[in-house]
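> Following this line is run21.csv, made up of CSV, C-alpha atoms:
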chain,number,residue,atom,x,y,z
A,1389,MET,CA,34.7,13.1,1.0
A,1390,GLN,CA,35.6,9.6,0.0
A,1391,LYS,CA,34.5,6.6,2.0
A,1392,THR,CA,37.2,4.1,3.1
A,1393,PHE,CA,37.2,0.6,4.4
A,1394,LYS,CA,36.7,0.4,8.2
A,1395,THR,CA,37.6,-2.6,10.3
A,1396,LEU,CA,35.1,-4.1,12.7
A,1397,ASP,CA,36.8,-2.3,15.6
A,1398,GLU,CA,36.8,1.0,13.8
A,1399,GLN,CA,33.0,0.5,13.0
A,1400,VAL,CA,32.3,0.0,16.7
A,1401,LYS,CA,34.4,3.1,17.6
A,1402,ILE,CA,32.4,5.2,15.1
A,1403,LEU,CA,29.1,4.1,16.8
A,1404,GLU,CA,30.6,4.8,20.3
A,1405,SER,CA,31.8,8.3,19.1
A,1406,LYS,CA,28.2,9.2,18.4
A,1407,GLY,CA,27.0,8.2,21.9
A,1408,LEU,CA,25.8,4.6,21.3
A,1409,LYS,CA,26.5,2.4,24.3
A,1410,ILE,CA,28.2,-1.0,23.5
A,1411,ASN,CA,27.5,-3.6,26.1
A,1412,ASP,CA,29.3,-6.5,24.4
A,1413,TYR,CA,32.1,-5.7,22.0
A,1414,GLU,CA,32.6,-9.2,20.6
A,1415,LYS,CA,28.9,-9.8,20.0
A,1416,THR,CA,28.6,-6.4,18.4
A,1417,LYS,CA,31.5,-7.1,16.0
A,1418,GLU,CA,30.0,-10.5,15.2
A,1419,ILE,CA,26.7,-8.9,14.3
A,1420,LEU,CA,28.3,-6.1,12.2
A,1421,PHE,CA,30.3,-8.8,10.4
A,1422,LYS,CA,27.3,-10.9,9.6
A,1423,GLU,CA,24.7,-8.3,9.0
A,1424,ASN,CA,26.7,-5.4,7.5
A,1425,TYR,CA,27.5,-2.1,9.3
A,1426,PHE,CA,25.8,-0.1,6.5
A,1427,PHE,CA,22.5,-1.8,6.9
A,1428,VAL,CA,22.4,-2.0,10.7
A,1429,ASN,CA,23.4,1.7,10.9
A,1430,GLY,CA,20.5,2.5,8.5
A,1431,TYR,CA,18.2,2.4,11.5
A,1432,ARG,CA,20.2,4.9,13.6
A,1433,HIS,CA,17.8,7.8,12.9
A,1434,LEU,CA,15.2,6.1,15.1
A,1435,LEU,CA,17.5,6.4,18.1
A,1436,MET,CA,19.1,9.8,17.4
A,1437,GLU,CA,18.5,13.3,18.7
A,1438,PRO,CA,16.4,15.4,16.4
A,1439,ASN,CA,18.6,17.3,13.8
A,1440,LYS,CA,21.8,16.0,15.5
A,1441,ASN,CA,24.3,13.3,14.6
A,1442,THR,CA,24.3,11.9,18.1
A,1443,PHE,CA,22.3,9.1,19.7
A,1444,VAL,CA,19.8,9.9,22.5
A,1445,ASP,CA,21.0,9.4,26.0
A,1446,GLY,CA,21.1,5.7,27.0
A,1447,ALA,CA,20.7,4.3,23.5
A,1448,THR,CA,22.5,1.0,23.1
A,1449,PHE,CA,23.7,-1.2,20.2
A,1450,ASP,CA,21.3,-3.9,21.4
A,1451,GLU,CA,18.4,-1.5,20.9
A,1452,LEU,CA,19.7,-0.6,17.4
A,1453,TYR,CA,20.0,-4.3,16.5
A,1454,SER,CA,16.5,-5.0,17.9
A,1455,ILE,CA,15.0,-2.4,15.5
A,1456,PHE,CA,17.0,-4.0,12.7
A,1457,ILE,CA,15.5,-7.4,13.5
A,1458,PHE,CA,12.0,-5.8,14.0
A,1459,ASP,CA,12.2,-4.4,10.5
A,1460,ARG,CA,13.3,-7.7,9.1
A,1461,ARG,CA,10.4,-9.5,10.7
A,1462,LEU,CA,7.9,-6.9,9.4
A,1463,ARG,CA,9.3,-7.5,5.9
A,1464,ASN,CA,8.7,-11.2,6.3
A,1465,ILE,CA,5.1,-10.6,7.5
A,1466,MET,CA,4.4,-8.2,4.7
A,1467,PHE,CA,6.0,-10.3,2.0
A,1468,LYS,CA,3.9,-13.4,2.7
A,1469,ASN,CA,0.7,-11.3,2.7
A,1470,ILE,CA,1.6,-9.4,-0.4
A,1471,MET,CA,2.3,-12.8,-2.0
A,1472,ILE,CA,-1.3,-13.8,-1.2
A,1473,ILE,CA,-2.6,-10.7,-3.1
A,1474,GLU,CA,-0.1,-11.5,-5.9
A,1475,ASN,CA,-1.4,-15.0,-6.3
A,1476,ASN,CA,-5.1,-13.8,-6.1
A,1477,ILE,CA,-4.8,-11.1,-8.7
A,1478,LYS,CA,-2.9,-13.3,-11.1
A,1479,SER,CA,-5.6,-15.9,-10.8
A,1480,ILE,CA,-8.5,-13.3,-11.2
A,1481,ILE,CA,-6.8,-11.6,-14.2
A,1482,SER,CA,-6.0,-14.8,-16.0
A,1483,TYR,CA,-9.5,-16.2,-15.4
A,1484,GLN,CA,-11.3,-13.0,-16.7
A,1485,LEU,CA,-9.0,-12.5,-19.7
A,1486,SER,CA,-9.1,-16.2,-20.7
A,1487,LYS,CA,-12.9,-16.3,-20.4
A,1488,LYS,CA,-13.2,-13.3,-22.6
A,1489,TYR,CA,-10.4,-13.5,-25.1
A,1490,GLY,CA,-9.2,-17.1,-25.1
A,1491,TYR,CA,-6.5,-19.1,-23.3
A,1492,LYS,CA,-3.7,-19.4,-25.8
A,1493,GLU,CA,-0.9,-16.8,-26.0
A,1494,LYS,CA,-2.0,-15.7,-29.5
A,1495,ASN,CA,-5.4,-14.9,-28.0
A,1496,TYR,CA,-4.7,-13.3,-24.6
A,1497,LEU,CA,-1.6,-11.4,-25.8
A,1498,ASN,CA,-3.4,-10.0,-28.8
A,1499,TYR,CA,-2.9,-6.2,-28.9
A,1500,LYS,CA,-6.5,-5.6,-29.8
A,1501,ASN,CA,-7.5,-6.9,-26.3
A,1502,PHE,CA,-6.0,-3.8,-24.6
A,1503,ARG,CA,-6.4,0.0,-24.5
A,1504,GLN,CA,-6.5,1.4,-28.0
A,1505,GLU,CA,-6.0,5.2,-27.3
A,1506,SER,CA,-3.1,6.6,-29.2
A,1507,PHE,CA,-1.3,7.7,-26.1
A,1508,LYS,CA,-1.5,4.1,-24.7
A,1509,LEU,CA,-0.3,2.2,-27.8
A,1510,SER,CA,3.4,2.5,-27.0
A,1511,GLN,CA,2.8,1.3,-23.5
A,1512,VAL,CA,0.7,-1.6,-24.6
A,1513,ASN,CA,3.4,-2.7,-27.1
A,1514,ASP,CA,6.1,-2.4,-24.5
A,1515,ILE,CA,4.2,-4.4,-21.8
A,1516,ILE,CA,3.1,-7.2,-24.1
A,1517,ASN,CA,6.7,-7.5,-25.3
A,1518,LYS,CA,7.9,-7.7,-21.7
A,1519,MET,CA,5.3,-10.4,-21.0
A,1520,LYS,CA,6.4,-12.4,-24.0
A,1521,ARG,CA,10.0,-12.1,-23.0
A,1522,GLN,CA,9.4,-13.2,-19.4
A,1523,ILE,CA,7.3,-16.1,-20.5
A,1524,ARG,CA,10.0,-17.2,-23.0
A,1525,LEU,CA,12.9,-16.8,-20.5
A,1526,ASN,CA,11.2,-18.2,-17.4
A,1527,SER,CA,8.9,-20.9,-18.8
A,1528,LYS,CA,11.7,-23.6,-19.0
A,1529,GLN,CA,12.3,-23.3,-15.3
A,1530,HIS,CA,8.8,-24.3,-14.2
A,1531,ARG,CA,7.3,-27.8,-14.4
A,1532,ALA,CA,3.7,-26.6,-15.2
A,1533,THR,CA,4.8,-24.4,-18.1
A,1534,MET,CA,7.1,-27.1,-19.5
A,1535,HIS,CA,4.2,-29.6,-19.2
A,1536,TYR,CA,2.0,-27.5,-21.4
A,1537,ILE,CA,4.7,-26.6,-23.9
A,1538,SER,CA,5.7,-30.3,-24.3
A,1539,ASN,CA,2.2,-31.7,-24.4
A,1540,TYR,CA,0.1,-29.0,-26.0
A,1541,GLY,CA,2.5,-26.6,-27.7
A,1542,TYR,CA,1.2,-23.5,-25.8
A,1543,ILE,CA,0.9,-22.1,-22.3
A,1544,PRO,CA,-2.6,-21.0,-21.1
A,1545,MET,CA,-2.7,-17.8,-19.2
A,1546,TRP,CA,-3.6,-19.3,-15.9
A,1547,VAL,CA,-0.2,-21.1,-16.1
A,1548,SER,CA,1.8,-18.3,-17.7
A,1549,VAL,CA,1.0,-15.9,-14.9
A,1550,LYS,CA,3.2,-18.1,-12.7
A,1551,VAL,CA,6.3,-16.9,-14.5
A,1552,LEU,CA,5.3,-13.3,-14.7
A,1553,SER,CA,6.5,-10.8,-12.0
A,1554,PHE,CA,4.1,-8.9,-9.9
A,1555,GLY,CA,5.5,-5.7,-11.5
A,1556,ILE,CA,4.5,-7.0,-15.0
A,1557,ILE,CA,1.0,-8.0,-13.7
A,1558,SER,CA,0.6,-4.5,-12.3
A,1559,GLU,CA,1.6,-3.0,-15.6
A,1560,LEU,CA,-0.7,-5.4,-17.4
A,1561,TYR,CA,-3.7,-4.2,-15.4
A,1562,SER,CA,-2.9,-0.6,-16.3
A,1563,ILE,CA,-3.4,-1.4,-20.1
A,1564,LEU,CA,-6.6,-3.4,-19.8
A,1565,LYS,CA,-9.7,-2.0,-21.3
A,1566,TYR,CA,-11.8,0.0,-18.8
A,1567,GLU,CA,-14.5,-2.6,-18.6
A,1568,ASP,CA,-12.0,-5.4,-17.9
A,1569,GLN,CA,-10.3,-3.3,-15.2
A,1570,GLN,CA,-13.6,-2.7,-13.4
A,1571,GLU,CA,-14.7,-6.3,-13.6
A,1572,ILE,CA,-11.5,-7.3,-11.8
A,1573,ALA,CA,-11.7,-4.4,-9.3
A,1574,ASP,CA,-15.4,-5.3,-8.5
A,1575,PHE,CA,-14.0,-8.4,-6.8
A,1576,TYR,CA,-12.5,-6.2,-4.2
A,1577,ASN,CA,-15.3,-3.7,-4.1
A,1578,ILE,CA,-13.0,-0.8,-5.1
A,1579,ASN,CA,-12.8,1.2,-8.3
A,1580,SER,CA,-10.4,0.4,-11.1
A,1581,LYS,CA,-8.3,3.6,-10.6
A,1582,GLU,CA,-7.7,2.7,-7.0
A,1583,LEU,CA,-6.8,-0.9,-7.9
A,1584,GLU,CA,-4.3,0.3,-10.5
A,1585,ILE,CA,-2.5,2.4,-7.8
A,1586,TYR,CA,-2.8,-0.3,-5.2
A,1587,LEU,CA,-1.1,-2.9,-7.5
A,1588,SER,CA,1.7,-0.5,-8.3
A,1589,LEU,CA,2.5,0.1,-4.6
A,1590,LEU,CA,2.2,-3.5,-3.7
A,1591,ALA,CA,4.6,-4.5,-6.5
A,1592,ASN,CA,7.0,-1.9,-5.2
A,1593,TYR,CA,6.9,-3.1,-1.6
A,1594,ARG,CA,7.0,-6.7,-2.7
A,1595,ASN,CA,10.4,-6.1,-4.3
A,1596,LEU,CA,11.6,-4.2,-1.3
A,1597,CYS,CA,10.7,-7.0,1.0
A,1598,ALA,CA,12.2,-9.7,-1.3
A,1599,HIS,CA,15.5,-7.9,-1.4
A,1600,GLU,CA,15.8,-7.1,2.3
A,1601,ASP,CA,15.8,-3.4,1.8
A,1602,ILE,CA,14.9,-1.1,4.7
A,1603,LEU,CA,11.2,-1.0,5.2
A,1604,TYR,CA,10.4,1.5,7.9
A,1605,ASP,CA,11.0,4.8,6.0
A,1606,HIS,CA,10.3,3.7,2.4
A,1607,VAL,CA,7.9,5.8,0.4
A,1608,THR,CA,6.6,5.4,-3.1
A,1609,GLN,CA,6.1,8.0,-5.9
A,1610,ARG,CA,2.4,7.4,-6.2
A,1611,SER,CA,-0.1,7.9,-3.3
A,1612,ILE,CA,-3.3,6.1,-2.6
A,1613,PRO,CA,-6.5,8.2,-2.6
A,1614,ASN,CA,-8.0,9.5,0.6
A,1615,ASN,CA,-10.5,7.0,2.0
A,1616,LYS,CA,-12.6,6.1,5.0
A,1617,TYR,CA,-9.7,4.5,6.8
A,1618,HIS,CA,-7.8,7.8,7.0
A,1619,GLN,CA,-11.0,9.5,8.2
A,1620,ILE,CA,-12.2,6.9,10.7
A,1621,LEU,CA,-8.7,6.6,12.2
A,1622,ASN,CA,-8.6,10.4,12.4
A,1623,ILE,CA,-5.1,10.5,10.9
A,1624,PRO,CA,-3.6,14.0,11.4
A,1625,MET,CA,-3.3,16.3,8.4
A,1626,VAL,CA,-0.7,18.8,7.4
A,1627,GLU,CA,-1.5,21.3,4.7
A,1628,ASN,CA,-4.7,19.4,3.9
A,1629,GLU,CA,-2.8,16.1,3.4
A,1630,TYR,CA,-2.9,13.0,5.7
A,1631,ILE,CA,0.6,12.5,7.2
A,1632,TYR,CA,0.2,8.7,7.4
A,1633,GLY,CA,-1.2,6.1,5.0
A,1634,LYS,CA,-0.7,7.8,1.6
A,1635,ASN,CA,2.6,6.5,0.1
A,1636,ASP,CA,4.2,4.8,3.1
A,1637,PHE,CA,4.1,1.5,5.0
A,1638,PHE,CA,0.7,2.3,6.5
A,1639,ALA,CA,-0.7,2.8,3.0
A,1640,ILE,CA,0.2,-0.8,2.3
A,1641,ILE,CA,-1.7,-1.8,5.5
A,1642,ILE,CA,-4.7,0.1,4.2
A,1643,ILE,CA,-4.5,-1.6,0.8
A,1644,LEU,CA,-4.2,-5.0,2.4
A,1645,ARG,CA,-7.3,-4.2,4.6
A,1646,GLN,CA,-9.3,-3.9,1.4
A,1647,MET,CA,-7.7,-6.8,-0.5
A,1648,LEU,CA,-7.1,-9.6,2.0
A,1649,GLY,CA,-9.8,-11.8,3.5
A,1650,GLU,CA,-11.1,-10.9,7.0
A,1651,ASP,CA,-9.2,-13.7,8.7
A,1652,GLU,CA,-6.0,-13.1,6.7
A,1653,PHE,CA,-6.0,-9.4,7.7
A,1654,HIS,CA,-6.8,-10.2,11.3
A,1655,ASP,CA,-3.7,-12.5,11.3
A,1656,LEU,CA,-1.6,-9.8,9.8
A,1657,ILE,CA,-2.5,-7.3,12.5
A,1658,ARG,CA,-2.0,-9.9,15.2
A,1659,GLU,CA,1.5,-10.7,13.9
A,1660,ILE,CA,2.5,-7.1,13.5
A,1661,GLY,CA,1.2,-6.4,17.0
A,1662,TYR,CA,3.2,-9.3,18.4
A,1663,GLU,CA,6.4,-7.9,16.9
A,1664,ILE,CA,5.7,-4.5,18.2
A,1665,ASP,CA,5.2,-5.9,21.7
A,1666,ILE,CA,8.5,-7.7,21.5
A,1667,LEU,CA,10.2,-4.5,20.4
A,1668,GLU,CA,8.6,-2.5,23.2
A,1669,GLY,CA,10.2,-4.9,25.7
A,1670,LYS,CA,13.7,-4.2,24.2
A,1671,ILE,CA,13.7,-0.4,23.8
A,1672,ASP,CA,14.1,1.9,26.7
A,1673,SER,CA,15.9,5.0,25.4
A,1674,VAL,CA,13.0,6.2,23.2
A,1675,GLU,CA,9.2,5.6,23.2
A,1676,THR,CA,8.0,2.8,21.0
A,1677,ARG,CA,5.2,5.1,19.9
A,1678,LYS,CA,7.8,7.5,18.4
A,1679,ILE,CA,9.4,4.7,16.4
A,1680,LEU,CA,6.0,3.6,15.1
A,1681,ASN,CA,5.1,7.1,14.1
A,1682,LYS,CA,8.4,7.3,12.1
A,1683,ILE,CA,7.3,4.0,10.5
A,1684,SER,CA,4.1,5.9,9.6
A,1685,PHE,CA,1.8,4.1,12.0
A,1686,PRO,CA,-0.7,6.3,13.8
A,1687,ASP,CA,-1.1,5.7,17.5
A,1688,ASN,CA,-4.5,3.9,17.0
A,1689,TRP,CA,-3.2,1.7,14.1
A,1690,ARG,CA,-4.7,-1.5,15.5
A,1691,GLU,CA,-8.2,-0.1,15.1
A,1692,ILE,CA,-8.1,-0.6,11.4
A,1693,ASP,CA,-8.8,-4.2,12.0
A,1694,ASN,CA,-12.3,-3.3,13.3
A,1695,ILE,CA,-13.3,-1.0,10.5
A,1696,LYS,CA,-15.9,-2.6,8.2
What does this structure look like when you write it as structure tokens?

Amino acid sequence: MQKTFKTLDEQVKILESKGLKINDYEKTKEILFKENYFFVNGYRHLLMEPNKNTFVDGATFDELYSIFIFDRRLRNIMFKNIMIIENNIKSIISYQLSKKYGYKEKNYLNYKNFRQESFKLSQVNDIINKMKRQIRLNSKQHRATMHYISNYGYIPMWVSVKVLSFGIISELYSILKYEDQQEIADFYNINSKELEIYLSLLANYRNLCAHEDILYDHVTQRSIPNNKYHQILNIPMVENEYIYGKNDFFAIIIILRQMLGEDEFHDLIREIGYEIDILEGKIDSVETRKILNKISFPDNWREIDNIK
């Protein structure tokens, strides 16, 4: 069935036909015009009857839009905190590699500095070439990189990481020698395999947040290992697998618990809690707890802030 263009009036009628109450038609049309029907409607499942294409009794467009805004604010909160980790890991990796291998591109991008197993060589070549390409393309757009090129003829790694994406940094970590990976992971008191997975998930969510994609039901291909946070929070299991905190939004919260500073993480939980409290005051047709569970938050999610 082919999708066709719908006017704002037709978009409102579609929502009404599915049982959504419209309190202010002009305001609703203005929101759909500015925010895009497709993206606002992407949150409809949180207000719909199970296994049906109709909204729960009493659901309103105001509630649907409140959930849309809630997700946007969550993205903004998560983005700024993932950016803290991005800056930290870039600094730590550049310091460790520069200290060990040298600070010029010919030193820190030498293939011999990375994993040498035969099955890794193709990946090593690919990632180093990606790094060189990003440095070449992006370096002219940053004052610091231009300063080093103009005055010294090279870009030290602690400056070049500025123009490398988080995705590239995540891939870079995956090709480091085991001892280099663990030295970096030791800073966070986690093992190197965990950190490799964590960086991959954080890079994925960072891009999702940066591009205003829907956050609440996003899942990643990779899952984080079971850990004490799953156990202490007593997260339910189905078929011997935790239902929250593996490859979803709450998994990112668990990762940030281990990688942010205590005060930074406390502020994160406080800000998320504030947005949830605001949402609770605007939703009547469904329980806020059910919305949070669909976002992958366990009922006792706030307790993660007290786990040492």
> I want to know what sits within 9 Å of stretch 1424-1432 of chain A, based on all atoms listed in the file, with residues of the same chain fewer than 5 positions away left out; could you give that as JSON, numbers by chain?
{"A": [1396, 1399, 1403, 1419, 1443, 1452, 1453, 1455, 1456, 1601, 1602, 1604]}
> Write out as a VMD selection string which residues come within 6 Å of stretch 1501-1515 of chain A when counting all atoms listed in the file, dropping same-chain ones fewer than 6 positions away.
chain A and resid 1563 to 1565
> Pick from A:Ile1585, A:Ile1679, A:Ile1457, A:Leu1603: nearest to A:Lys1634, with only C-alpha atoms counted?
A:Ile1585
> What does the distance between atom CA of A:Ala1591 and atom CA of A:Ala1532 come to in Å, to one decimal place?
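For atom CA of A:Ala1591 relative to atom CA of A:Ala1532, the distance reads 23.8 Å.
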> From the options A:Asn1411, A:Ser1486, A:Asn1469, A:Asn1498, which residue's atoms come nearest to A:Asp1568, counting only C-alpha atoms?
A:Ser1486
> Enter the distance from atom CA of A:Thr1442 to atom CA of A:Ser1405, in Å, rounded to one decimal.
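Computing it gives 8.4 Å between the two atoms.
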> Tell me, in Å to one decimal, how far atom CA of A:Asn1495 is from atom CA of A:Tyr1586.
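Going from atom CA of A:Asn1495 over to atom CA of A:Tyr1586, I get 27.2 Å.
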> Measuring between all atoms listed in the file, which one of A:Glu1691, A:Glu1398, A:Glu1423, A:Glu1493 shows the shortest distance to A:Arg1645?
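Checking each of A:Glu1691, A:Glu1398, A:Glu1423, A:Glu1493 against A:Arg1645, counting all atoms listed in the file, the winner is A:Glu1691.
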> Within 6 Å of (16.6, -2.2, 22.7), in the coordinates the file gives, what residues turn up when you count all atoms listed in the file, written out as an MDAnalysis selection string?
chainID A and resid 1450:1451 1454 1670:1671
> Using all atoms listed in the file, which of the listed residues (A:Met1647, A:Asn1688, A:Phe1653, A:Ile1537) sits closest to A:Ile1578?
A:Met1647
> Env of A:Tyr1632: 12 Å cut, atoms = only C-alpha atoms, seq-sep filter 5 positions within chain, self excluded. Answer as a PyMOL selection string.
chain A and resi 1605+1607+1611-1612+1614+1617-1619+1621-1626+1637-1642+1680-1689
> Using all atoms listed in the file, pick whichever of A:Thr1676, A:Gln1522, A:Ser1553, A:Ser1548 has the shortest atom-to-atom distance to A:Met1534.
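Looking at the shortest contact to A:Met1534, the residue is A:Ser1548.
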> My list of candidates is A:Met1545, A:Leu1560, A:Val1551, A:Ile1481. Which is closest to A:Ser1527 when distances are computed with all atoms listed in the file?
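Of A:Met1545, A:Leu1560, A:Val1551, A:Ile1481, the one nearest A:Ser1527 is A:Val1551, counting all atoms listed in the file.
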> Excluding stretch 1436-1439 of chain A and any residue of its chain fewer than 6 positions from it, enumerate the residues within 10 Å of it, using all atoms listed in the file, and give them as a list in words.
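Answer for this query is Lys1406, Gly1407, Leu1408, Asp1445, Ala1447, Ser1673 and Val1674 of chain A.
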> Write the residues you've just listed into a file as a short mmCIF file (atom, residue, chain, number, x, y, z; two decimals), keeping the file's coordinate frame, and include C-alpha atoms for each of them.

data_model
loop_
_atom_site.label_atom_id
_atom_site.label_comp_id
_atom_site.auth_asym_id
_atom_site.auth_seq_id
_atom_site.Cartn_x
_atom_site.Cartn_y
_atom_site.Cartn_z
CA LYS A 1406 28.20 9.20 18.40
CA GLY A 1407 27.00 8.20 21.90
CA LEU A 1408 25.80 4.60 21.30
CA ASP A 1445 21.00 9.40 26.00
CA ALA A 1447 20.70 4.30 23.50
CA SER A 1673 15.90 5.00 25.40
CA VAL A 1674 13.00 6.20 23.20
#
> Save stretch 1516-1530 of chain A to a file: N, CA and C atoms, as a compact mmCIF listing (two decimals), in the first residue's frame.

# COMPACT_ATOMS: atom_id res chain seq x y z
N ILE A 1516 42.66 2.71 10.65
CA ILE A 1516 43.73 3.72 10.53
C ILE A 1516 43.49 4.60 9.31
N ASN A 1517 43.05 4.00 8.21
CA ASN A 1517 42.74 4.79 7.01
C ASN A 1517 41.56 5.73 7.26
N LYS A 1518 40.56 5.27 8.02
CA LYS A 1518 39.44 6.13 8.38
C LYS A 1518 39.92 7.32 9.21
N MET A 1519 40.82 7.04 10.16
CA MET A 1519 41.35 8.11 11.01
C MET A 1519 42.11 9.13 10.18
N LYS A 1520 42.96 8.66 9.29
CA LYS A 1520 43.73 9.57 8.43
C LYS A 1520 42.80 10.42 7.58
N ARG A 1521 41.74 9.80 7.07
CA ARG A 1521 40.79 10.53 6.22
C ARG A 1521 40.04 11.59 7.02
N GLN A 1522 39.58 11.23 8.23
CA GLN A 1522 38.87 12.22 9.05
C GLN A 1522 39.78 13.36 9.46
N ILE A 1523 41.02 13.05 9.80
CA ILE A 1523 41.97 14.10 10.17
C ILE A 1523 42.23 15.02 8.98
N ARG A 1524 42.39 14.41 7.82
CA ARG A 1524 42.67 15.21 6.61
C ARG A 1524 41.49 16.11 6.25
N LEU A 1525 40.27 15.57 6.33
CA LEU A 1525 39.08 16.32 5.90
C LEU A 1525 38.64 17.36 6.92
N ASN A 1526 38.80 17.04 8.21
CA ASN A 1526 38.25 17.91 9.25
C ASN A 1526 39.25 18.87 9.88
N SER A 1527 40.53 18.61 9.70
CA SER A 1527 41.54 19.40 10.42
C SER A 1527 41.52 20.88 10.03
N LYS A 1528 41.12 21.19 8.80
CA LYS A 1528 41.13 22.58 8.35
C LYS A 1528 39.97 23.39 8.93
N GLN A 1529 39.06 22.71 9.62
CA GLN A 1529 37.90 23.40 10.17
C GLN A 1529 38.08 23.76 11.65
N HIS A 1530 39.22 23.38 12.24
CA HIS A 1530 39.44 23.62 13.66
C HIS A 1530 40.69 24.45 13.88
